[in-house]
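Enquirer: Got a structure for you, data_34.txt, holding compact mmCIF, C-alpha atoms and all ligand atoms.
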```txt
# COMPACT_ATOMS: atom_id res chain seq x y z
CA MET A 272 22.27 -31.53 70.71
CA ARG A 273 24.41 -28.43 70.76
CA LEU A 274 25.47 -29.08 67.13
CA LEU A 275 21.86 -29.65 66.08
CA GLY A 276 20.88 -26.37 67.74
CA LEU A 277 23.64 -24.58 65.85
CA ILE A 278 22.47 -26.02 62.52
CA LEU A 279 18.89 -25.00 63.26
CA VAL A 280 20.05 -21.43 63.86
CA ILE A 281 22.45 -21.20 60.88
CA LEU A 282 20.27 -22.91 58.24
CA PRO A 283 17.49 -20.29 58.14
CA LEU A 284 20.19 -17.60 58.06
CA PHE A 285 21.78 -19.16 54.94
CA THR A 286 18.37 -19.53 53.34
CA PHE A 287 17.66 -15.86 53.97
CA ILE A 288 21.02 -14.72 52.52
CA PHE A 289 20.57 -16.95 49.45
CA LYS A 290 17.05 -15.64 48.80
CA TYR A 291 18.21 -12.06 49.14
CA GLU A 292 21.00 -12.64 46.61
CA ALA A 293 18.62 -14.32 44.16
CA SER A 294 16.12 -11.51 44.25
CA SER A 295 18.58 -8.65 44.28
CA ASP A 296 18.68 -8.41 40.45
CA GLU A 297 14.92 -8.03 40.30
CA ALA A 298 15.02 -5.47 43.09
CA TYR A 299 17.73 -3.57 41.27
CA LEU A 300 15.64 -3.55 38.09
CA SER A 301 12.55 -2.34 39.93
CA GLU A 302 14.52 0.40 41.60
CA MET A 303 16.09 1.48 38.31
CA LEU A 304 12.66 1.52 36.70
CA LEU A 305 11.21 3.54 39.56
CA SER A 306 14.00 6.11 39.51
CA SER A 307 13.68 6.42 35.72
CA ARG A 308 9.95 7.08 36.10
CA THR A 309 10.58 9.68 38.76
CA GLU A 310 13.02 11.46 36.46
CA ASN A 311 10.46 11.40 33.67
CA ILE A 312 7.79 12.92 35.89
CA VAL A 313 10.24 15.66 36.80
CA ASN A 314 10.85 16.22 33.10
CA GLY A 315 7.12 16.64 32.61
CA GLU A 316 6.54 13.71 30.28
CA SER A 317 3.02 12.40 30.04
CA ALA A 318 1.94 9.37 31.98
CA SER A 319 1.07 7.35 28.90
CA ASP A 320 4.59 7.67 27.53
CA LEU A 321 6.13 7.03 30.88
CA ASN A 322 6.07 3.24 31.03
CA ILE A 323 7.41 2.88 27.52
CA THR A 324 10.14 5.45 28.12
CA ALA A 325 11.14 3.76 31.34
CA LEU A 326 11.17 0.32 29.78
CA ALA A 327 12.98 1.38 26.64
CA GLY A 328 15.50 3.47 28.51
CA THR A 329 16.22 1.40 31.58
CA LEU A 330 15.82 -2.20 30.68
CA THR A 331 17.92 -1.94 27.55
CA GLN A 332 20.88 -1.08 29.72
CA THR A 333 20.33 -4.23 31.73
CA GLY A 334 20.14 -6.48 28.70
CA ILE A 335 16.37 -7.04 28.62
CA PRO A 336 14.92 -6.20 25.19
CA ALA A 337 13.45 -2.69 24.91
CA VAL A 338 9.89 -2.03 23.84
CA LYS A 339 9.80 -1.63 20.07
CA ARG A 340 6.95 0.52 18.83
CA ALA A 341 5.41 0.43 15.36
CA TYR A 342 2.91 2.98 14.07
CA LEU A 343 0.91 2.03 10.97
CA THR A 344 -0.12 5.23 9.19
CA PHE A 345 -2.38 5.64 6.16
CA ASP A 346 -2.34 8.91 4.21
CA ASP A 347 -4.69 10.50 1.65
CA GLY A 348 -7.92 8.69 2.61
CA PRO A 349 -10.60 7.84 3.08
CA SER A 350 -11.18 5.83 -0.08
CA VAL A 351 -12.85 2.67 -1.35
CA ASN A 352 -9.98 0.77 0.29
CA THR A 353 -10.55 2.16 3.79
CA ASP A 354 -13.13 -0.47 4.71
CA ARG A 355 -10.86 -3.33 3.76
CA ILE A 356 -7.98 -1.78 5.71
CA LEU A 357 -10.27 -1.34 8.73
CA ASP A 358 -11.54 -4.92 8.44
CA ILE A 359 -7.98 -6.27 8.51
CA LEU A 360 -6.97 -4.04 11.43
CA LYS A 361 -10.04 -5.24 13.33
CA MET A 362 -9.27 -8.87 12.57
CA TYR A 363 -5.80 -8.47 14.12
CA GLY A 364 -7.01 -6.23 16.96
CA VAL A 365 -4.59 -3.50 15.85
CA LYS A 366 -5.08 0.29 16.02
CA ALA A 367 -3.60 2.57 13.35
CA THR A 368 -3.52 6.21 12.32
CA PHE A 369 -5.24 7.81 9.32
CA PHE A 370 -4.03 11.20 8.05
CA VAL A 371 -7.00 12.26 5.98
CA ASN A 372 -8.04 14.79 3.35
CA ASN A 373 -11.52 16.21 2.70
CA LYS A 374 -13.32 13.49 0.76
CA LYS A 375 -16.88 14.09 -0.35
CA GLY A 376 -19.80 11.63 -0.44
CA ASP A 377 -21.87 9.77 2.12
CA GLU A 378 -19.70 6.65 1.85
CA ASN A 379 -16.62 8.61 2.83
CA ILE A 380 -18.43 10.34 5.69
CA LEU A 381 -19.22 6.87 7.05
CA ARG A 382 -15.55 5.92 6.66
CA TYR A 383 -14.35 8.90 8.77
CA GLN A 384 -16.86 7.80 11.39
CA ARG A 385 -15.78 4.18 11.23
CA ILE A 386 -12.09 5.13 11.68
CA VAL A 387 -12.99 6.96 14.88
CA SER A 388 -15.57 4.52 16.25
CA GLU A 389 -13.16 1.59 15.86
CA GLY A 390 -10.56 3.33 18.01
CA HIS A 391 -8.06 4.52 15.41
CA THR A 392 -6.44 7.93 15.44
CA ILE A 393 -7.59 10.42 12.85
CA GLY A 394 -5.14 13.14 11.85
CA LEU A 395 -5.14 15.91 9.25
CA HIS A 396 -3.28 15.90 5.93
CA SER A 397 -4.59 19.04 4.12
CA SER A 398 -7.98 19.62 2.49
CA ASP A 399 -7.18 18.55 -1.06
CA HIS A 400 -3.47 17.67 -1.14
CA VAL A 401 -2.81 20.16 -3.95
CA TYR A 402 0.74 21.28 -3.20
CA ARG A 403 0.61 24.61 -4.99
CA SER A 404 -2.37 25.80 -2.96
CA VAL A 405 -1.49 24.22 0.40
CA TYR A 406 2.04 25.64 0.24
CA LYS A 407 1.28 28.91 -1.59
CA ASP A 408 1.94 31.03 1.50
CA GLU A 409 1.25 31.09 5.24
CA GLN A 410 -2.32 32.32 4.86
CA SER A 411 -3.14 29.59 2.34
CA PHE A 412 -1.62 26.94 4.58
CA LEU A 413 -3.61 28.10 7.61
CA THR A 414 -6.86 28.38 5.64
CA ASP A 415 -6.36 24.90 4.22
CA TYR A 416 -5.55 23.51 7.65
CA LEU A 417 -8.68 25.04 9.23
CA ASN A 418 -10.89 23.81 6.34
CA ASN A 419 -9.48 20.32 6.73
CA GLN A 420 -10.02 20.41 10.50
CA ALA A 421 -13.61 21.72 10.25
CA TYR A 422 -14.55 19.23 7.53
CA VAL A 423 -13.24 16.17 9.37
CA ALA A 424 -14.67 17.33 12.72
CA ALA A 425 -18.11 17.79 11.14
CA ALA A 426 -17.86 14.39 9.45
CA CYS A 427 -16.87 12.28 12.45
CA GLY A 428 -17.55 14.42 15.52
CA VAL A 429 -13.91 14.42 16.63
CA THR A 430 -11.52 17.33 16.10
CA PRO A 431 -8.14 15.91 15.00
CA VAL A 432 -5.11 17.20 16.90
CA ILE A 433 -2.23 15.81 14.86
CA TYR A 434 -0.96 16.58 11.36
CA ARG A 435 1.13 15.13 8.57
CA PHE A 436 2.48 17.49 5.94
CA PRO A 437 1.60 16.48 2.38
CA GLY A 438 4.97 15.37 0.99
CA GLY A 439 6.55 15.44 4.46
CA SER A 440 7.70 18.28 6.68
CA ASP A 441 10.82 19.11 4.67
CA ASN A 442 9.28 18.39 1.30
CA LEU A 443 10.67 19.60 -1.99
CA VAL A 444 7.24 20.56 -3.34
CA SER A 445 6.93 23.73 -1.29
CA LYS A 446 8.70 26.72 -2.81
CA LYS A 447 8.95 28.39 0.57
CA ASP A 448 10.97 26.92 3.39
CA THR A 449 8.51 24.75 5.32
CA SER A 450 9.67 26.16 8.66
CA CYS A 451 7.05 28.93 8.28
CA TYR A 452 4.31 26.25 8.14
CA ILE A 453 5.85 24.33 11.01
CA ASN A 454 5.67 27.57 13.04
CA ILE A 455 1.94 27.82 12.32
CA LEU A 456 1.34 24.29 13.63
CA ASN A 457 3.52 25.02 16.65
CA SER A 458 1.48 28.12 17.43
CA LEU A 459 -1.68 26.00 17.26
CA GLY A 460 -0.13 23.32 19.48
CA ILE A 461 -0.49 20.69 16.76
CA PRO A 462 2.29 18.06 16.56
CA TYR A 463 3.20 16.72 13.11
CA TYR A 464 4.63 13.37 12.15
CA ASP A 465 6.85 12.27 9.29
CA TRP A 466 7.88 8.65 8.80
CA ASN A 467 10.98 6.50 8.81
CA VAL A 468 9.66 3.48 6.91
CA TYR A 469 7.98 3.64 3.53
CA VAL A 470 6.36 0.57 1.98
CA GLY A 471 6.66 1.77 -1.62
CA ASP A 472 2.97 2.15 -2.47
CA ALA A 473 3.27 5.68 -3.88
CA VAL A 474 4.97 4.63 -7.12
CA LYS A 475 3.03 4.63 -10.39
CA ASN A 476 3.59 0.97 -11.14
CA ILE A 477 1.71 -0.72 -8.35
CA LEU A 478 3.82 -3.25 -6.46
CA SER A 479 2.35 -6.52 -5.23
CA GLY A 480 1.25 -6.94 -1.63
CA GLU A 481 4.20 -9.31 -1.07
CA ALA A 482 6.66 -6.72 -2.37
CA LEU A 483 5.16 -3.96 -0.19
CA ALA A 484 5.27 -6.16 2.91
CA ALA A 485 8.88 -7.13 2.19
CA ASN A 486 9.78 -3.42 1.81
CA ALA A 487 8.05 -2.55 5.07
CA LEU A 488 9.75 -5.24 7.13
CA ALA A 489 13.16 -4.61 5.55
CA GLY A 490 12.73 -0.91 6.37
CA CYS A 491 12.06 -1.72 10.03
CA ALA A 492 15.25 -3.77 10.49
CA GLY A 493 17.51 -2.21 13.09
CA LYS A 494 14.99 0.45 14.13
CA ASN A 495 13.44 0.56 17.58
CA ASP A 496 10.51 2.85 16.74
CA VAL A 497 9.01 2.75 13.27
CA MET A 498 6.51 5.15 11.71
CA ILE A 499 5.35 3.31 8.60
CA LEU A 500 3.94 5.32 5.69
CA MET A 501 1.18 3.74 3.58
CA HIS A 502 -1.52 5.17 1.34
CA ASP A 503 -5.30 4.88 1.39
CA LEU A 504 -6.22 5.83 -2.18
CA PRO A 505 -8.58 4.09 -4.65
CA GLU A 506 -5.77 2.90 -6.93
CA LYS A 507 -3.56 1.58 -4.09
CA THR A 508 -5.31 -1.77 -3.88
CA THR A 509 -2.25 -3.78 -2.90
CA THR A 510 -1.62 -1.82 0.31
CA ALA A 511 -4.45 -3.69 2.01
CA ASP A 512 -3.11 -6.94 0.49
CA ALA A 513 0.21 -6.29 2.23
CA LEU A 514 -1.28 -5.46 5.62
CA PRO A 515 -1.65 -8.97 7.15
CA ALA A 516 1.98 -9.85 6.35
CA ILE A 517 3.15 -6.47 7.69
CA ILE A 518 1.24 -6.89 10.97
CA GLU A 519 2.37 -10.51 11.39
CA GLY A 520 5.97 -9.62 10.52
CA LEU A 521 6.07 -6.69 12.95
CA THR A 522 4.69 -8.91 15.71
CA ARG A 523 7.31 -11.56 14.98
CA MET A 524 10.00 -8.87 15.14
CA GLY A 525 8.80 -7.92 18.63
CA TYR A 526 7.04 -4.64 17.83
CA VAL A 527 4.05 -3.36 19.77
CA ILE A 528 1.69 -1.79 17.22
CA LEU A 529 0.17 1.45 18.47
CA PRO A 530 -1.88 4.36 17.14
CA VAL A 531 -0.21 7.77 17.15
CA ASP A 532 -1.38 10.08 19.90
CA THR A 533 -0.10 13.38 21.18
CA ALA A 534 2.00 11.57 23.80
CA VAL A 535 4.19 10.35 20.93
CA PRO A 536 6.97 12.89 20.51
CA SER A 537 6.45 15.09 17.46
CA THR A 538 8.66 14.54 14.47
CA THR A 539 12.32 14.25 15.27
CA PRO A 540 15.16 13.42 12.90
CA VAL A 541 14.49 9.77 13.78
CA PHE A 542 11.16 9.93 12.04
CA HIS A 543 12.39 11.84 9.09
CA PHE A 544 12.42 10.66 5.51
CA LYS A 545 13.24 12.49 2.29
ZN ZN B 1 -0.29 12.49 1.10
```
Before anything else, please render the file you have as structure tokens.
Ligand SMILES: [Zn+2]

Expert:
Amino acid sequence: MRLLGLILVILPLFTFIFKYEASSDEAYLSEMLLSSRTENIVNGESASDLNITALAGTLTQTGIPAVKRAYLTFDDGPSVNTDRILDILKMYGVKATFFVNNKKGDENILRYQRIVSEGHTIGLHSSDHVYRSVYKDEQSFLTDYLNNQAYVAAACGVTPVIYRFPGGSDNLVSKKDTSCYINILNSLGIPYYDWNVYVGDAVKNILSGEALAANALAGCAGKNDVMILMHDLPEKTTTADALPAIIEGLTRMGYVILPVDTAVPSTTPVFHFK
């Protein structure tokens, strides 16, 4: 009887110790995650970036795959291809980012509106993309920026708050050092975004959709966060062709596809491309 009593006392104790050991890894992870979040709050990072930062930063160290983020970006639109791009994005339930110019015509006005109403991010990309006038001097750059902003805001009812430099932020098409234009955006509180993956749709000889998709996915290999540059121009018909394979490939590779918002850190060397 005495032995049975002893077993009855010891058995629950063993069970408790075993359970505690089994769950301690999870508890450790939760605690690490929590402390990482606290640090981020102290550093003043926004709430929307917090979870991703915590996951990417903390869980990688513990061997659990980090969150991989992919941003699909379309420059130079809207165009006759915008609707097809939007249809494909809708079919996959994916949100993207459109860095737009000032395009005239009722059809284009509807396209600005559709970009916004379907939940994509709309950003600015200069009024007319003419390098010599956009980058003539600081006054020209600011005037162009404000025209672009006013035009798009009037067209879709939303004032864009992000920018992509035509040709990129350290482009070779501006005679002046682009830091003076970067300063203007900084003074306006407008973040700008370059890219670190390019699908190859800016070349004169149009590549097939298969070739563009292969370029995109090859460019993503080994990168945790990818900002993918594509073009939304009338002649770039194969970009939309490539989109399903790009989205499916990114998903297979473990990327979460997100639209750019101001919580995404502004361009860093990681996102840079010459
Ligand atoms: Zn462009």

Enquirer: Write out as a list in words which residues come within 12 Å of Gly364 (chain A) when counting all atoms listed in the file, dropping same-chain ones fewer than 3 positions away.

Expert: Leu357, Asp358, Ile359, Leu360, Lys361, Ala367, Glu389, Gly390, His391, Pro515, Ile518, Glu519, Val527, Ile528, Leu529 and Pro530 of chain A

Enquirer: Counting only C-alpha atoms and all ligand atoms, what are the residues, protein, DNA or RNA alike, that approach ligand ZN 1 (chain B) to within 7 Å? I want them as a count of residues only.

Expert: 6

Enquirer: Which one is closest to Glu506 (chain A): A:Leu381, A:Ile477, A:Val444, A:Val338? Count only C-alpha atoms.

Expert: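 Result for the nearest residue to Glu506 (chain A): A:Ile477.
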
Enquirer: Of the candidates A:Pro431, A:Gly490, A:Pro462, A:Gly471, which one gets nearest to Val535 (chain A) if we count all atoms listed in the file?

Expert: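 Between A:Pro431, A:Gly490, A:Pro462, A:Gly471, the residue approaching Val535 (chain A) most closely is A:Pro462.
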
Enquirer: Out of A:Ala511, A:Val387, A:Ala485, A:Ile455, which residue has the shortest atom-to-atom distance to Arg355 (chain A) when counting all atoms listed in the file?

Expert: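 Between A:Ala511, A:Val387, A:Ala485, A:Ile455, the residue approaching Arg355 (chain A) most closely is A:Ala511.
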
Enquirer: Rounded to one decimal place, report the CA of Ser411 (chain A)-CA of Ala424 (chain A) distance in Å.

Expert: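 Here the two named atoms are 19.8 Å from each other.
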
Enquirer: What is the distance between CA of Ser450 (chain A) and CA of Pro349 (chain A), in Å to one decimal?

Expert: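 Value for the CA of Ser450 (chain A)-CA of Pro349 (chain A) distance: 27.9 Å.
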
Enquirer: Can you work out the spacing between CA of Glu481 (chain A) and CA of Asp512 (chain A) in Å, to one decimal?

Expert: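 Going from CA of Glu481 (chain A) over to CA of Asp512 (chain A) covers 7.8 Å.
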